[in-house]
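Here the structure is laid out as C-alpha cells; the discussion comes afterwards.
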Amino acid sequence: MKDQKSPLDRPKLFTNLDWEKEPSYVALLGDMVKQVVVTAFPENLSKVKSFSIHLEHPGSFHYGDYSTNVAFRLAGVLKKSPLELAKQISDQVNKYIKTNQTTSFISDSVHLQGMENGKNGGKLTYRDILEKADVAGPGFINLWIRKEVFITLISQLLNYKKADKSTKFTTIPLAHVLEGKKIFLEFAHPNTLKEFHIGHLRNISIGESLVRILEAVGTEVFRANYEGDVGLHVAKAIWGVKKILEREKIELDHIRRFTPREKAKFLGRAYAQGSQAYEKDKKVQKEIIGMNKAIYEDPKSVALWEETRGWSLEYFDSIYKRVGTYFDRLFFESEVERQGRELVIEAVKSGIFIKDKDGSIYFPGKKYGLNNCVFVTSENYATYEGKEVALEELEYNTFPYDLSINNVANEQSNFFQIGYKATEILFPRHKGKHFHLAYGMVHLKSGKMSSRTGQVITADSLFDEAKEKILKIMEKSKIGKGEGNKADISEKVSVAAVKYSMLRVNPKIDIAFDLEESVSLDGDSGPYLLYTYARCKSVLRKWKSANKSKSQIDESSLKLSSLELNTEEEVLLRTLYRFPEVVLGSAETLSPNLLCSYLFQIAGKFNVFYNKHSILGSGNKSGSTSTEFRLFLTTATAHILNKGLYLLGIETVERM
RNA sequence: GCCUCUGUAGCUUAAUGGAUAAAGCAGCGGUCUUCGGAACCGCAGAUGGGGGUUCGAUUCCCUUCAGAGGCGCCA
C-alpha cells in the first residue's frame, strides 16, 4: 500500500503487480514485522491489520540491513509518538528473538533453503533470521540480519542453475512476479542508408540490457527491430549515390567490392550529399520527391533500392554482432505501408480519420487532447504514423504479448501518444498494452551531430577509439603479459567501456556525450568492473592450482557462528546478497543504471577488502577469518559481477 | 502560443517521501618488499529561485527562471 502514486511512469502491466513480494526473504521479513505489530497492539487490531510493512535498506550499514518506517505511519493512526511506538515494536522483536518465537505468517512459497531445517519442526524462528532490532533517529526500526542468512542467500545465488530460455545463461533465483508474461521489446531501429551513430548505440545498449533483465525476472521477451527502409531519407541517399558515381566516375562494381563498413560509410556520404542538394536546389528536390513516390509505389522497381538496402542491413548485422545483440525478427516500413494506408482509408468511413480537401487523411488528435496528425499524405501514401497502426497489428499477430515496449528516443513522445491512441481506437485489444520507453537524446558536448551534414560519431569509430586506448594500456601493464588473446580482449573491453557509459545513467535523461569519458577505463566504468572480475578470477586460479585436491570451496564449513568478520568482509558480505533485489528493481523501473551502480559498489567494496587483507595468505594468522571464507567472498564477487554484467549485455574476460 | 521532459559539487552522474544528499572524473595530498597498481586511502566541493503538502521533500503539488524536444503531409 503506497500513500502516493509512484512518480515513475511505468507500464500498466507493472503497476498492478506486487513487486515487494520478491525476493522472498524480504517478504518474509515484512511478515515478521507485521506479526510483531499485530500482536503488540491487540486493542487496535482492526486499525493495525491493514498496514503493509515497507522495508528498505538504510543509507548506511551503521543502521542495520533493513529499516522500516511503520512507526511513523502508525503514529497518526494510534495517536502516539513515533519514537515510543518504534521502541515498543523493536522491543517486541527482540523478545521474539530471545524466546525463539516461530513465525506464523510465512507461506510455503518462502524459499530459504538451508534455513528451514531448524529446530522447530521445520518452521523458521525469529532467531534463525534476525540478529537484533533497534531504534534510531526519529523512529526508524532497524533490523540486523544474521551472517548465516547472508551466507545461505549467497550460496543460493552461486548454486542457482535454471537457465534463461533463449540464452541458456543462468542468472538469479527469483522472479515470480512476472513469471509467464510475454513482453515485446522493440529497439535499435536504425534506418537503412543512414549512419549507425551513438544515439543508436544508446538505444541498443538499453534495449539489450532490458531484454536480459526482463528475462531474468521470468518473462518471455520477443526481440524486435523496426527499420525505416522507405521514405525521403532513402530517396535522398540513392540520389546521392548516383551523383557521386557520376561525378567521381566510379563504377558500381567498385563499390560492390567494399567491405560492409566501407559501403556504410559511402552511403553516409551519399545521404549527406543528397540532403544538402535537396535543401539547396529546387530541381533536385523535385527529382527526389519523385523518386520517393516511386519507392512507395513499388520499391523494387527503383534502381539501387534493394541493393543499397542490402548493404545497410549487412552492415547493421556486423554491429549487432559486435555489441552482442540479435533479433527474433526485423520489421520494415516497406512491409506495413500498404496495409497502413488501407486501414486508414477504410476508417475514414467510420469517422475515426478525416479526409481533408487536399486529399490527405488526418487523425483528429485534438479530440483526445493530442495534436491532429496526418496519417496518409495527399500523395496517397502512409506516413510514419499511418504505418504504425499496421505495424502494431503485425507485431501482435507475430507474438501475442501482454506488454509491448517501444524503446525510442523521447523526441517521439508525442508521436507515440497519437499512434497508441489511433491503434487503440482501431483495435481495442491494444488498449493499455503499449509503453513508450522514452530515453534521452545523446548530445555531443562539443558541436552538434547531424547526419544531414555528415557530422556524426558512428558506433564503429567509437569502439575503435576505445580499442586503441586500451591496447596502449595493455602494452604498459605488467599483468597478464603474454596471456590471452590481445585482439579479443581489447575488443571486449572497448565494447564494455562504451556500453557501460551509455547504461550507467538513467535512460530518461539526455546524455552530454564526451568521447574521452565514454572510453574511460577507471572510476565508474566498464573496464573497472571487468578488471575486478579478472582480478577475482586470477586469485581463484592461483588457489586452485595450489589446491588440486579440493576443487571447490565447502560452503557448509562457513556456517560457523564463531565467524569473526573484519569490517571490509562484513560490508562486502552485507552487499553481495542484495543482487536479486537490485535486478528486480531494475526490471520494475526499466532502469539498467540501478544495476550499474550496484555492480560498481560491489567492485569497489571488493577492491577495498582485497587491498587490506590477504586472501590466500590468511590461513595461519590467528584471529583472522579463514582463507576458505575469503575465497567464498571472492567467488561470490566474481559470480555476481559476471551475472550482473551479463544482464547489462557486457561480456567478461578472464584476463586483461 | 500550446504540450512533454530535464535543472544536484568545476565536469559527468546517483539517490522506491526518510537518517550526515552518494559516487566517478578533474585538482591537491598520501598507500606499495603487490594473491593482478587498469588498484587503494585522505582533503576540498552541490539539490536554479519562491511558496505549499508532510513528523520528514532532491523526490509530490503550485509558481517562476533556464535548457532540450515536439506541435497535419520527415522518420
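Following the order of the C-alpha cells, first chain is A, next is B, and so on, with residues numbered from 1 inside each chain and ligands from 1 in the order they appear.
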Residues of range 55-238 of chain A in strand (DSSP E or B), written as a VMD selection string: chain A and resid 55 to 56 66 to 68 102 120 123 125 130 to 136 140 to 145 163 170 182 to 186 197 220 to 227
Please identify all polymer residues within 10 Å of range 29-35 of chain B, counting only C-alpha atoms (C1' of nucleotides), omitting same-chain residues fewer than 2 positions from it, and present them as a tab-separated table (two decimals) with N, CA and C atoms (P, O5', C5', C4', C3', O3' and C1' of nucleotides), in the first residue's frame.
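Listed below is the output, around30.tsv:
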```tsv
chain	number	residue	atom	x	y	z
A	535	ARG	N	40.53	-9.89	-11.72
A	535	ARG	CA	41.35	-9.98	-10.52
A	535	ARG	C	40.87	-11.13	-9.63
A	536	CYS	N	39.57	-11.20	-9.44
A	536	CYS	CA	39.00	-12.30	-8.65
A	536	CYS	C	39.39	-13.64	-9.26
A	538	SER	N	41.79	-14.40	-11.13
A	538	SER	CA	43.22	-14.67	-11.02
A	538	SER	C	43.54	-15.28	-9.66
A	539	VAL	N	42.95	-14.72	-8.62
A	539	VAL	CA	43.17	-15.26	-7.28
A	539	VAL	C	42.64	-16.69	-7.21
A	540	LEU	N	41.46	-16.89	-7.75
A	540	LEU	CA	40.84	-18.21	-7.68
A	540	LEU	C	41.67	-19.24	-8.46
A	542	LYS	N	44.86	-19.13	-8.93
A	542	LYS	CA	46.06	-19.39	-8.16
A	542	LYS	C	45.79	-20.39	-7.04
A	543	TRP	N	44.65	-20.18	-6.38
A	543	TRP	CA	44.30	-21.08	-5.29
A	543	TRP	C	44.07	-22.50	-5.81
A	610	TYR	N	40.25	-6.40	-0.74
A	610	TYR	CA	41.42	-7.02	-1.35
A	610	TYR	C	42.71	-6.29	-0.96
A	611	ASN	N	42.59	-4.98	-0.96
A	611	ASN	CA	43.77	-4.17	-0.67
A	611	ASN	C	44.24	-4.30	0.76
A	613	HIS	N	43.39	-6.92	2.98
A	613	HIS	CA	43.58	-8.26	3.55
A	613	HIS	C	44.05	-9.25	2.50
A	614	SER	N	44.89	-10.13	2.95
A	614	SER	CA	45.36	-11.16	2.02
A	614	SER	C	44.37	-12.31	1.99
A	615	ILE	N	44.00	-12.72	0.79
A	615	ILE	CA	43.01	-13.80	0.68
A	615	ILE	C	43.67	-15.16	0.87
A	616	LEU	N	44.72	-15.38	0.12
A	616	LEU	CA	45.33	-16.71	0.14
A	616	LEU	C	46.28	-16.90	1.32
A	617	GLY	N	46.77	-15.80	1.84
A	617	GLY	CA	47.75	-15.93	2.91
A	617	GLY	C	47.19	-15.70	4.30
B	37	G	P	47.60	-5.27	-8.00
B	37	G	O5'	47.79	-3.96	-8.87
B	37	G	C5'	46.82	-3.56	-9.82
B	37	G	C4'	47.24	-2.24	-10.42
B	37	G	C3'	48.55	-2.29	-11.17
B	37	G	O3'	48.54	-1.36	-12.25
B	37	G	C1'	48.69	-0.73	-9.43
B	39	A	P	42.36	1.88	-11.59
B	39	A	O5'	42.73	0.85	-10.42
B	39	A	C5'	41.85	-0.23	-10.10
B	39	A	C4'	42.27	-0.84	-8.78
B	39	A	C3'	42.02	0.03	-7.56
B	39	A	O3'	40.69	-0.10	-7.09
B	39	A	C1'	44.23	-0.78	-7.50
B	40	C	P	39.94	1.09	-6.40
B	40	C	O5'	40.74	1.20	-5.04
B	40	C	C5'	40.62	0.18	-4.05
B	40	C	C4'	41.49	0.51	-2.87
B	40	C	C3'	41.24	1.86	-2.23
B	40	C	O3'	40.12	1.85	-1.38
B	40	C	C1'	43.56	1.56	-2.53
B	41	C	P	39.27	3.20	-1.21
B	41	C	O5'	40.17	4.02	-0.20
B	41	C	C5'	40.46	3.50	1.08
B	41	C	C4'	41.39	4.43	1.81
B	41	C	C3'	40.93	5.88	1.88
B	41	C	O3'	39.99	6.08	2.90
B	41	C	C1'	43.19	5.81	1.23
B	42	G	P	38.89	7.23	2.73
B	42	G	O5'	39.73	8.56	2.99
B	42	G	C5'	40.32	8.79	4.25
B	42	G	C4'	41.19	10.01	4.19
B	42	G	C3'	40.50	11.30	3.76
B	42	G	O3'	39.80	11.90	4.82
B	42	G	C1'	42.56	11.10	2.62
B	43	C	P	38.57	12.88	4.50
B	43	C	O5'	39.28	14.15	3.87
B	43	C	C5'	40.17	14.95	4.65
B	43	C	C4'	40.65	16.13	3.85
B	43	C	C3'	39.55	16.96	3.21
B	43	C	O3'	39.02	17.90	4.14
B	43	C	C1'	41.23	16.53	1.60
```
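One distance worth recording is that between CA of Phe140 in chain A and CA of Lys47 in chain A, which is 20.2 Å.
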Quick one: residues within 10 Å of Lys21 in chain A, only C-alpha atoms (C1' of nucleotides), excluding same-chain residues fewer than 4 positions away - as a compact mmCIF listing (two decimals) with N, CA and C atoms, in the first residue's frame?
```
# COMPACT_ATOMS: atom_id res chain seq x y z
N LEU A 17 1.29 -5.09 -10.18
CA LEU A 17 1.97 -6.21 -9.54
C LEU A 17 2.52 -5.82 -8.18
N TYR A 25 12.85 -13.48 0.79
CA TYR A 25 13.27 -13.20 2.16
C TYR A 25 12.85 -11.80 2.60
N VAL A 26 12.65 -10.90 1.65
CA VAL A 26 12.17 -9.58 2.03
C VAL A 26 10.70 -9.67 2.45
N ALA A 27 9.95 -10.48 1.69
CA ALA A 27 8.56 -10.72 2.06
C ALA A 27 8.49 -11.36 3.43
N LEU A 28 9.42 -12.26 3.67
CA LEU A 28 9.48 -12.94 4.97
C LEU A 28 9.68 -11.94 6.10
N GLY A 30 9.00 -8.80 6.05
CA GLY A 30 7.79 -8.00 6.14
C GLY A 30 6.75 -8.71 6.99
N VAL A 110 7.97 -19.31 0.61
CA VAL A 110 9.22 -18.69 1.02
C VAL A 110 10.38 -19.67 0.80
N ALA A 175 11.90 -14.25 -9.27
CA ALA A 175 11.02 -13.90 -10.33
C ALA A 175 9.80 -14.71 -10.46
N HIS A 176 8.94 -14.38 -9.60
CA HIS A 176 7.63 -14.97 -9.75
C HIS A 176 6.64 -13.90 -10.08
N VAL A 177 7.04 -12.66 -9.86
CA VAL A 177 6.12 -11.55 -10.11
C VAL A 177 5.70 -11.49 -11.57
```
Nearby residues (only C-alpha atoms (C1' of nucleotides)) at most 12 Å from Gly76 in chain A, same-chain spacing under 6 positions excluded, as an NGL selection string: (:A and (47-48 or 70 or 82 or 85)) or (:B and (54-55))
Separation of CA of Thr652 in chain A from CA of Glu195 in chain A in Å: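 Separation between CA of Glu195 in chain A and CA of Thr652 in chain A: 28.3 Å.
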Interface, chain B side, toward chain A (12 Å; only C-alpha atoms (C1' of nucleotides)) as number ranges by chain: B: 2-7, 11-26, 31-32, 34-41, 53-56, 59-61, 67-75
Shell of 9 Å around range 31-35 of chain A, only C-alpha atoms (C1' of nucleotides), local chain residues under 4 positions omitted, as a ChimeraX atom specification: /A:26-27,39-40,48-49,51-53,68,89,93,103-106,126
Include C-alpha atoms and write out the residues we just selected as a PDB file, in the first residue's frame.
```pdb
ATOM      1  CA  VAL A  26      12.165  -9.577   2.034  1.00  0.00           C
ATOM      2  CA  ALA A  27       8.560 -10.718   2.057  1.00  0.00           C
ATOM      3  CA  THR A  39       0.456  -8.717  18.495  1.00  0.00           C
ATOM      4  CA  ALA A  40       1.865  -5.551  20.012  1.00  0.00           C
ATOM      5  CA  VAL A  48      -3.186  -2.116  12.544  1.00  0.00           C
ATOM      6  CA  LYS A  49      -4.052  -5.077  10.379  1.00  0.00           C
ATOM      7  CA  PHE A  51      -0.892  -1.738   7.368  1.00  0.00           C
ATOM      8  CA  SER A  52       1.559  -3.036   4.852  1.00  0.00           C
ATOM      9  CA  ILE A  53       5.131  -3.179   6.015  1.00  0.00           C
ATOM     10  CA  THR A  68      11.062   0.166   8.353  1.00  0.00           C
ATOM     11  CA  ILE A  89       7.839  -2.713  18.279  1.00  0.00           C
ATOM     12  CA  VAL A  93      11.074  -8.128  18.004  1.00  0.00           C
ATOM     13  CA  THR A 103       6.927 -17.128  12.501  1.00  0.00           C
ATOM     14  CA  SER A 104       3.262 -17.624  11.854  1.00  0.00           C
ATOM     15  CA  PHE A 105       2.507 -15.740   8.661  1.00  0.00           C
ATOM     16  CA  ILE A 106       5.045 -17.410   6.496  1.00  0.00           C
ATOM     17  CA  TYR A 126      12.911 -15.071  14.565  1.00  0.00           C
TER      18      TYR A 126
END
```
From B:G50, B:G27, B:G45, B:A9, residue lying nearest C62 in chain B [only C-alpha atoms (C1' of nucleotides)]: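 So, comparing all the options, the nearest one is B:G50.
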Close residues, range 204-209 of chain A itself excluded, 8 Å, only C-alpha atoms (C1' of nucleotides), min 5 positions apart in chain, as a list in words: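 Final neighbour list, sorted by chain and number: Leu185, Glu186, Phe187, Ala188, Thr325, Asn407, Lys499, Met502, Leu503, Pro507, Pro592, Leu647, Leu648 and Gly649 of chain A.
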DSSP-assigned helix (DSSP H, G or I) members of range 409-488 of chain A, reported as an MDAnalysis selection string: chainID A and resid 410:426 428:430 459:476 486:488
Take the residues from that selection and put them in a file with C-alpha atoms, as an mmCIF file, in the first residue's frame.
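Below you can see out19.cif, which holds the result:
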```
data_model
loop_
_atom_site.group_PDB
_atom_site.id
_atom_site.type_symbol
_atom_site.label_atom_id
_atom_site.label_comp_id
_atom_site.auth_asym_id
_atom_site.auth_seq_id
_atom_site.Cartn_x
_atom_site.Cartn_y
_atom_site.Cartn_z
ATOM 1 C CA ASN A 410 11.941 10.943 -26.242
ATOM 2 C CA GLU A 411 11.675 13.246 -29.234
ATOM 3 C CA GLN A 412 8.964 10.879 -30.408
ATOM 4 C CA SER A 413 6.825 11.052 -27.287
ATOM 5 C CA ASN A 414 4.015 12.966 -28.942
ATOM 6 C CA PHE A 415 4.079 10.675 -31.892
ATOM 7 C CA PHE A 416 3.620 7.591 -29.718
ATOM 8 C CA GLN A 417 0.737 9.140 -27.817
ATOM 9 C CA ILE A 418 -1.035 9.676 -31.106
ATOM 10 C CA GLY A 419 -0.008 6.339 -32.548
ATOM 11 C CA TYR A 420 -1.172 4.400 -29.494
ATOM 12 C CA LYS A 421 -4.455 6.271 -29.362
ATOM 13 C CA ALA A 422 -5.242 5.657 -33.024
ATOM 14 C CA THR A 423 -4.278 1.985 -32.760
ATOM 15 C CA GLU A 424 -6.412 1.572 -29.678
ATOM 16 C CA ILE A 425 -9.452 3.024 -31.399
ATOM 17 C CA LEU A 426 -8.978 0.858 -34.466
ATOM 18 C CA PRO A 428 -9.436 -2.138 -28.890
ATOM 19 C CA ARG A 429 -7.426 -5.184 -27.844
ATOM 20 C CA HIS A 430 -4.313 -2.995 -27.816
ATOM 21 C CA ALA A 459 29.351 3.306 -33.357
ATOM 22 C CA ASP A 460 32.324 1.699 -35.031
ATOM 23 C CA SER A 461 34.559 4.718 -34.830
ATOM 24 C CA LEU A 462 33.818 4.976 -31.149
ATOM 25 C CA PHE A 463 34.718 1.354 -30.486
ATOM 26 C CA ASP A 464 37.915 1.774 -32.447
ATOM 27 C CA GLU A 465 38.860 4.818 -30.447
ATOM 28 C CA ALA A 466 38.345 2.939 -27.213
ATOM 29 C CA LYS A 467 40.241 -0.037 -28.511
ATOM 30 C CA GLU A 468 43.295 1.989 -29.361
ATOM 31 C CA LYS A 469 43.384 3.416 -25.886
ATOM 32 C CA ILE A 470 43.033 0.002 -24.316
ATOM 33 C CA LEU A 471 45.801 -1.500 -26.395
ATOM 34 C CA LYS A 472 48.130 1.217 -25.179
ATOM 35 C CA ILE A 473 47.332 0.432 -21.575
ATOM 36 C CA MET A 474 47.787 -3.268 -22.191
ATOM 37 C CA GLU A 475 51.256 -2.520 -23.524
ATOM 38 C CA LYS A 476 52.205 -0.674 -20.372
ATOM 39 C CA LYS A 486 45.138 -9.422 -27.129
ATOM 40 C CA ALA A 487 42.838 -8.564 -30.008
ATOM 41 C CA ASP A 488 39.933 -10.369 -28.429
#
```
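Taking CA of His434 in chain A as the reference point, CA of Glu342 in chain A is found at 22.7 Å.
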